[in-house]
>>> print(open('input04.cif').read())   # mmCIF, C-alpha atoms
data_entry
loop_
_atom_site.label_atom_id
_atom_site.label_comp_id
_atom_site.auth_asym_id
_atom_site.auth_seq_id
_atom_site.Cartn_x
_atom_site.Cartn_y
_atom_site.Cartn_z
CA MET E 1 50.17 -32.40 -173.85
CA SER E 2 50.20 -29.76 -171.19
CA ARG E 3 49.35 -30.48 -167.55
CA SER E 4 47.21 -28.18 -165.47
CA PRO E 5 49.05 -26.75 -162.48
CA PRO E 6 48.26 -28.47 -159.15
CA GLN E 7 45.70 -26.68 -157.00
CA ARG E 8 47.00 -25.27 -153.72
CA ARG E 9 45.21 -26.46 -150.60
CA GLY E 10 44.62 -24.16 -147.68
CA PRO E 11 45.57 -25.04 -144.09
CA ALA E 12 43.57 -27.89 -142.48
CA ARG E 13 40.71 -26.72 -140.34
CA ARG E 14 40.59 -27.87 -136.74
CA PRO E 15 37.30 -29.35 -135.63
CA ARG E 16 35.29 -26.91 -133.58
CA ARG E 17 35.00 -27.79 -129.87
CA SER E 18 31.52 -28.46 -128.69
CA ARG E 19 29.83 -26.21 -126.18
CA ARG E 20 29.90 -29.02 -123.62
CA GLN E 21 33.67 -29.38 -123.97
CA GLN E 22 34.10 -25.63 -123.64
CA ARG E 23 31.93 -25.64 -120.52
CA ASP E 24 33.95 -28.51 -119.04
CA ASP E 25 37.18 -26.60 -119.71
CA MET E 26 35.78 -23.53 -117.97
CA GLN E 27 34.71 -25.57 -114.97
CA LEU E 28 38.13 -27.22 -114.74
CA LEU E 29 39.79 -23.82 -114.93
CA ALA E 30 37.52 -22.51 -112.17
CA VAL E 31 38.36 -25.49 -109.96
CA GLU E 32 42.08 -24.97 -110.51
CA VAL E 33 41.79 -21.28 -109.69
CA ALA E 34 39.79 -22.05 -106.54
CA ALA E 35 42.32 -24.68 -105.46
CA VAL E 36 45.21 -22.27 -105.95
CA ALA E 37 43.35 -19.58 -104.02
CA ALA E 38 42.55 -22.01 -101.17
CA ILE E 39 46.16 -23.16 -100.93
CA SER E 40 47.39 -19.57 -100.97
CA LEU E 41 44.93 -18.62 -98.24
CA MET E 42 45.96 -21.63 -96.16
CA VAL E 43 49.61 -20.73 -96.49
CA MET E 44 48.84 -17.14 -95.46
CA VAL E 45 46.89 -18.34 -92.39
CA VAL E 46 49.66 -20.75 -91.35
CA ASN E 47 52.30 -18.07 -91.73
CA TRP E 48 50.16 -15.63 -89.74
CA LEU E 49 49.63 -18.14 -86.95
CA ILE E 50 53.34 -18.93 -86.84
CA ALA E 51 54.05 -15.23 -86.49
CA HIS E 52 51.30 -14.86 -83.87
CA TRP E 53 51.71 -18.14 -81.95
CA TRP E 54 50.19 -16.66 -78.84
CA VAL E 55 46.77 -16.68 -80.58
CA LEU E 56 46.90 -20.47 -80.72
CA LEU E 57 47.86 -20.59 -77.07
CA VAL E 58 44.91 -18.39 -76.06
CA ALA E 59 42.49 -20.41 -78.20
CA ALA E 60 43.71 -23.69 -76.69
CA LEU E 61 43.33 -22.25 -73.19
CA ILE E 62 39.78 -21.10 -73.92
CA LEU E 63 38.86 -24.53 -75.30
CA LEU E 64 40.39 -26.23 -72.26
CA LEU E 65 38.51 -24.03 -69.80
CA GLY E 66 35.29 -24.47 -71.75
CA GLY E 67 35.69 -28.24 -71.78
CA LEU E 68 36.39 -28.36 -68.06
CA GLY E 69 33.35 -26.19 -67.37
CA TRP E 70 31.12 -28.43 -69.51
CA TRP E 71 32.41 -31.57 -67.82
CA GLN E 72 31.89 -30.11 -64.35
CA HIS E 73 28.34 -29.07 -65.23
CA ARG E 74 27.58 -32.51 -66.59
CA THR E 75 29.00 -34.20 -63.49
CA GLN E 76 27.06 -31.96 -61.12
CA ARG E 77 23.85 -32.55 -63.09
CA ALA E 78 24.35 -36.32 -62.94
CA GLN E 79 24.97 -36.16 -59.18
CA TRP E 80 21.88 -34.01 -58.70
CA GLN E 81 19.75 -36.44 -60.71
CA GLN E 82 21.06 -39.38 -58.69
CA ALA E 83 20.32 -37.62 -55.42
CA ARG E 84 16.82 -36.73 -56.60
CA ALA E 85 16.22 -40.33 -57.69
CA ARG E 86 17.33 -41.68 -54.30
CA ALA E 87 14.96 -39.28 -52.56
CA LEU E 88 11.97 -40.18 -54.74
CA ARG E 89 8.83 -40.92 -52.76
CA TYR E 90 5.17 -41.35 -53.70
CA GLY E 91 2.05 -41.43 -51.59
CA LEU E 92 -0.95 -43.54 -52.56
CA ALA E 93 -3.01 -40.42 -53.14
CA GLN E 94 -0.44 -39.25 -55.69
CA LEU E 95 -0.42 -42.59 -57.46
CA ASP E 96 -4.23 -42.73 -57.52
CA ALA E 97 -4.36 -39.35 -59.27
CA LEU E 98 -2.06 -40.39 -62.12
CA THR E 99 -3.10 -41.48 -65.56
CA HIS E 100 -2.16 -44.99 -66.64
CA ARG E 101 0.85 -43.72 -68.61
CA GLN E 102 1.98 -41.53 -65.71
CA PHE E 103 1.64 -44.52 -63.41
CA GLU E 104 3.98 -46.50 -65.68
CA HIS E 105 6.48 -43.66 -65.55
CA ALA E 106 6.27 -43.58 -61.75
CA ILE E 107 7.00 -47.32 -61.54
CA ARG E 108 9.94 -46.84 -63.92
CA ASP E 109 11.30 -44.04 -61.71
CA LEU E 110 10.97 -46.18 -58.58
CA MET E 111 12.96 -48.96 -60.25
CA HIS E 112 15.57 -46.39 -61.24
CA ARG E 113 15.66 -45.19 -57.63
CA ASP E 114 16.37 -48.76 -56.54
CA GLY E 115 19.47 -48.89 -58.74
CA CYS E 116 18.12 -50.11 -62.09
CA ALA E 117 20.02 -47.71 -64.32
CA ASP E 118 18.40 -49.00 -67.53
CA ALA E 119 14.79 -48.88 -66.30
CA VAL E 120 12.54 -47.92 -69.20
CA GLN E 121 8.83 -47.47 -69.81
CA VAL E 122 7.76 -49.52 -72.83
CA GLY E 123 4.00 -49.76 -72.37
CA GLY E 124 1.83 -49.20 -75.42
CA GLN E 125 -0.54 -50.92 -77.84
CA SER E 126 2.04 -53.58 -78.77
CA ASP E 127 3.83 -53.93 -75.45
CA LEU E 128 3.06 -57.69 -75.20
CA GLY E 129 2.32 -57.45 -71.50
CA ALA E 130 5.37 -55.35 -70.54
CA ASP E 131 4.94 -51.78 -69.33
CA VAL E 132 8.32 -51.38 -67.61
CA LYS E 133 11.59 -53.23 -68.15
CA ALA E 134 14.68 -53.00 -65.97
CA THR E 135 17.85 -54.79 -64.90
CA ASP E 136 18.62 -54.66 -61.19
CA PRO E 137 22.14 -54.33 -59.73
CA TYR E 138 22.30 -58.12 -59.41
CA GLY E 139 21.84 -58.67 -63.14
CA ARG E 140 18.23 -59.89 -62.95
CA ARG E 141 15.91 -58.81 -65.76
CA TRP E 142 12.54 -57.45 -64.61
CA VAL E 143 9.34 -57.20 -66.62
CA ILE E 144 6.52 -55.28 -64.95
CA GLN E 145 2.92 -54.85 -66.01
CA CYS E 146 1.09 -51.89 -64.48
CA LYS E 147 -2.62 -51.66 -63.71
CA GLN E 148 -3.62 -48.22 -62.48
CA ARG E 149 -7.03 -47.94 -60.82
CA ARG E 150 -8.33 -44.41 -60.35
CA ASP E 151 -10.58 -45.63 -57.51
CA GLY E 152 -7.88 -47.69 -55.79
CA ASN E 153 -9.30 -50.67 -53.93
CA ARG E 154 -12.79 -49.70 -55.06
CA GLY E 155 -11.80 -50.10 -58.70
CA ALA E 156 -11.87 -53.27 -60.77
CA ALA E 157 -9.67 -55.98 -59.29
CA VAL E 158 -6.81 -57.47 -61.27
CA GLY E 159 -7.75 -61.07 -61.99
CA THR E 160 -6.53 -64.24 -63.64
CA PRO E 161 -7.02 -63.07 -67.29
CA GLU E 162 -4.59 -60.16 -66.89
CA LEU E 163 -2.09 -62.41 -65.13
CA GLN E 164 -2.38 -65.04 -67.85
CA VAL E 165 -1.39 -62.47 -70.47
CA LEU E 166 1.62 -61.44 -68.39
CA ASN E 167 2.60 -65.05 -67.77
CA GLY E 168 2.40 -65.84 -71.47
CA THR E 169 4.91 -63.15 -72.46
CA GLY E 170 7.02 -62.29 -69.41
CA ARG E 171 9.52 -65.15 -69.70
CA PRO E 172 8.95 -66.62 -73.18
CA VAL E 173 8.94 -63.27 -75.03
CA HIS E 174 10.78 -60.79 -72.80
CA GLN E 175 13.23 -63.29 -71.25
CA ALA E 176 12.53 -61.94 -67.76
CA ASP E 177 13.94 -63.37 -64.55
CA VAL E 178 11.33 -61.59 -62.43
CA VAL E 179 7.79 -61.05 -63.73
CA VAL E 180 5.71 -58.59 -61.72
CA MET E 181 2.15 -57.26 -61.71
CA VAL E 182 1.87 -53.85 -60.04
CA THR E 183 -1.44 -52.22 -59.19
CA ASN E 184 -2.66 -49.50 -56.88
CA GLY E 185 -5.83 -51.55 -56.47
CA ARG E 186 -6.54 -55.13 -55.44
CA ILE E 187 -5.97 -58.60 -56.85
CA THR E 188 -8.52 -61.39 -56.80
CA GLN E 189 -7.91 -64.56 -54.81
CA PRO E 190 -7.97 -66.79 -57.92
CA GLY E 191 -5.45 -64.40 -59.44
CA ARG E 192 -3.18 -64.76 -56.41
CA ALA E 193 -3.40 -68.55 -56.64
CA PHE E 194 -2.52 -68.45 -60.34
CA ALA E 195 0.41 -66.11 -59.70
CA GLN E 196 1.80 -68.44 -57.03
CA GLN E 197 1.55 -71.42 -59.36
CA GLN E 198 3.32 -69.59 -62.20
CA ARG E 199 5.96 -67.83 -60.06
CA LEU E 200 4.58 -64.37 -60.78
CA HIS E 201 5.19 -61.61 -58.24
CA LEU E 202 2.33 -59.39 -57.11
CA VAL E 203 2.55 -55.80 -55.88
CA ASP E 204 -0.89 -54.79 -54.64
CA ARG E 205 -1.91 -51.55 -52.98
CA GLN E 206 -0.37 -52.43 -49.60
CA VAL E 207 3.00 -53.51 -51.00
CA LEU E 208 3.03 -50.56 -53.40
CA ALA E 209 2.50 -48.15 -50.50
CA ARG E 210 5.51 -49.55 -48.66
CA TRP E 211 7.68 -49.56 -51.76
CA ALA E 212 6.76 -46.08 -53.06
CA ALA E 213 6.99 -44.32 -49.68
CA GLY E 214 10.10 -46.06 -48.37
CA SER E 215 13.71 -46.53 -49.26
CA ARG E 216 13.85 -50.33 -49.64
CA PRO E 217 14.14 -51.74 -53.16
CA LEU E 218 11.30 -53.83 -54.48
CA TRP E 219 13.25 -57.12 -54.40
CA GLU E 220 13.57 -56.78 -50.62
CA LEU E 221 9.79 -56.57 -50.29
CA LEU E 222 9.01 -59.60 -52.43
CA SER E 223 9.47 -63.24 -51.50
CA ALA E 224 11.02 -65.99 -53.63
CA VAL E 225 12.89 -63.60 -55.92
CA PRO E 226 15.40 -65.49 -58.12
CA PRO E 227 19.04 -65.41 -56.97
CA PRO E 228 21.42 -62.82 -58.44
CA ARG E 229 22.87 -63.46 -61.88
CA ARG E 230 26.21 -61.92 -60.93
CA PRO E 231 27.99 -61.12 -57.65
CA THR E 232 27.99 -57.49 -56.56
CA ALA E 233 29.04 -55.47 -53.54
CA ARG E 234 25.45 -55.83 -52.32
CA SER E 235 25.54 -59.64 -52.50
#
>>> encode(input="input04.cif", output="structure tokens")
Amino acid sequence: MSRSPPQRRGPARRPRRSRRQQRDDMQLLAVEVAAVAAISLMVMVVNWLIAHWWVLLVAALILLLGGLGWWQHRTQRAQWQQARARALRYGLAQLDALTHRQFEHAIRDLMHRDGCADAVQVGGQSDLGADVKATDPYGRRWVIQCKQRRDGNRGAAVGTPELQVLNGTGRPVHQADVVVMVTNGRITQPGRAFAQQQRLHLVDRQVLARWAAGSRPLWELLSAVPPPRRPTARS
């Protein structure tokens, strides 16, 4: 019985690579080429700089001079701002002409003039009775509410209701050591009595005039200010 000759098989076919694999290979090749090019360029730059070392020296000198010039400008600007702050003065007519927000900014600037480097205006719809906050050179925290009256003493007087709001938030909410009401107008007698009972400090039109036009800090114009929190050269 004769056997049929075995059939010859052709070479095994390799599975075709998917387009995604081919794309990944191309991306990898591109990254490798870019890396080699970047390294070659870096080596060329380093070799060039080694051969031309004086370029690095000139660049360092330019950067040094530029940095010194920037620092000197910044120092001079800070000194000028400090001098301007120390010379700040306001007249009552100027304060009367301000808007309420401008009045808050003026009070902030006066506190800054007195040495409260962190004085900030915070007044707004949700200020909780604080329009200006500051820390004086003695470490005492100040919370100030501002009431600007366009008509000065002829405007509406600051009374007990406004002071009650300030008293309710000044110490419990804002953790203030000194709680102050500042107005370019007047304060009612019941309001003054309430402020004395609650250890609130009042700056009416007369005290404001002395403070804004002079060179004495506010704590030297007020009585019964709490003692300093920390000793300073001014103590």
>>> closest_residue(input="input04.cif", among="E:Arg192, E:Arg216, E:His201, E:His174", to="Gly159 of chain E", atoms="all atoms listed in the file")
E:Arg192
>>> resolve_selection(input="input04.cif", expression="the PyMOL selection byres ((chain E and resi 123) around 10)", output="PyMOL selection string")
chain E and resi 100-101+104-105+120-122+124-133+144-146
>>> resolve_selection(input="input04.cif", expression="the PyMOL selection byres ((chain E and resi 153) around 12)", output="ChimeraX atom specification")
/E:92,96,147-152,154-158,183-188,204-206
>>> closest_residue(input="input04.cif", among="E:Leu57, E:Ile62, E:Leu202, E:Ala212", to="Asp109 of chain E", atoms="all atoms listed in the file")
E:Ala212
>>> atom_distance(input="input04.cif", atom1="atom CA of Leu163 of chain E", atom2="atom CA of Val203 of chain E")
12.3 Å
>>> resolve_selection(input="input04.cif", expression="the PyMOL selection byres ((chain E and resi 141) around 12)", output="PyMOL selection string")
chain E and resi 111+116-120+132-140+142-144+170-171+174-180+219+225-230
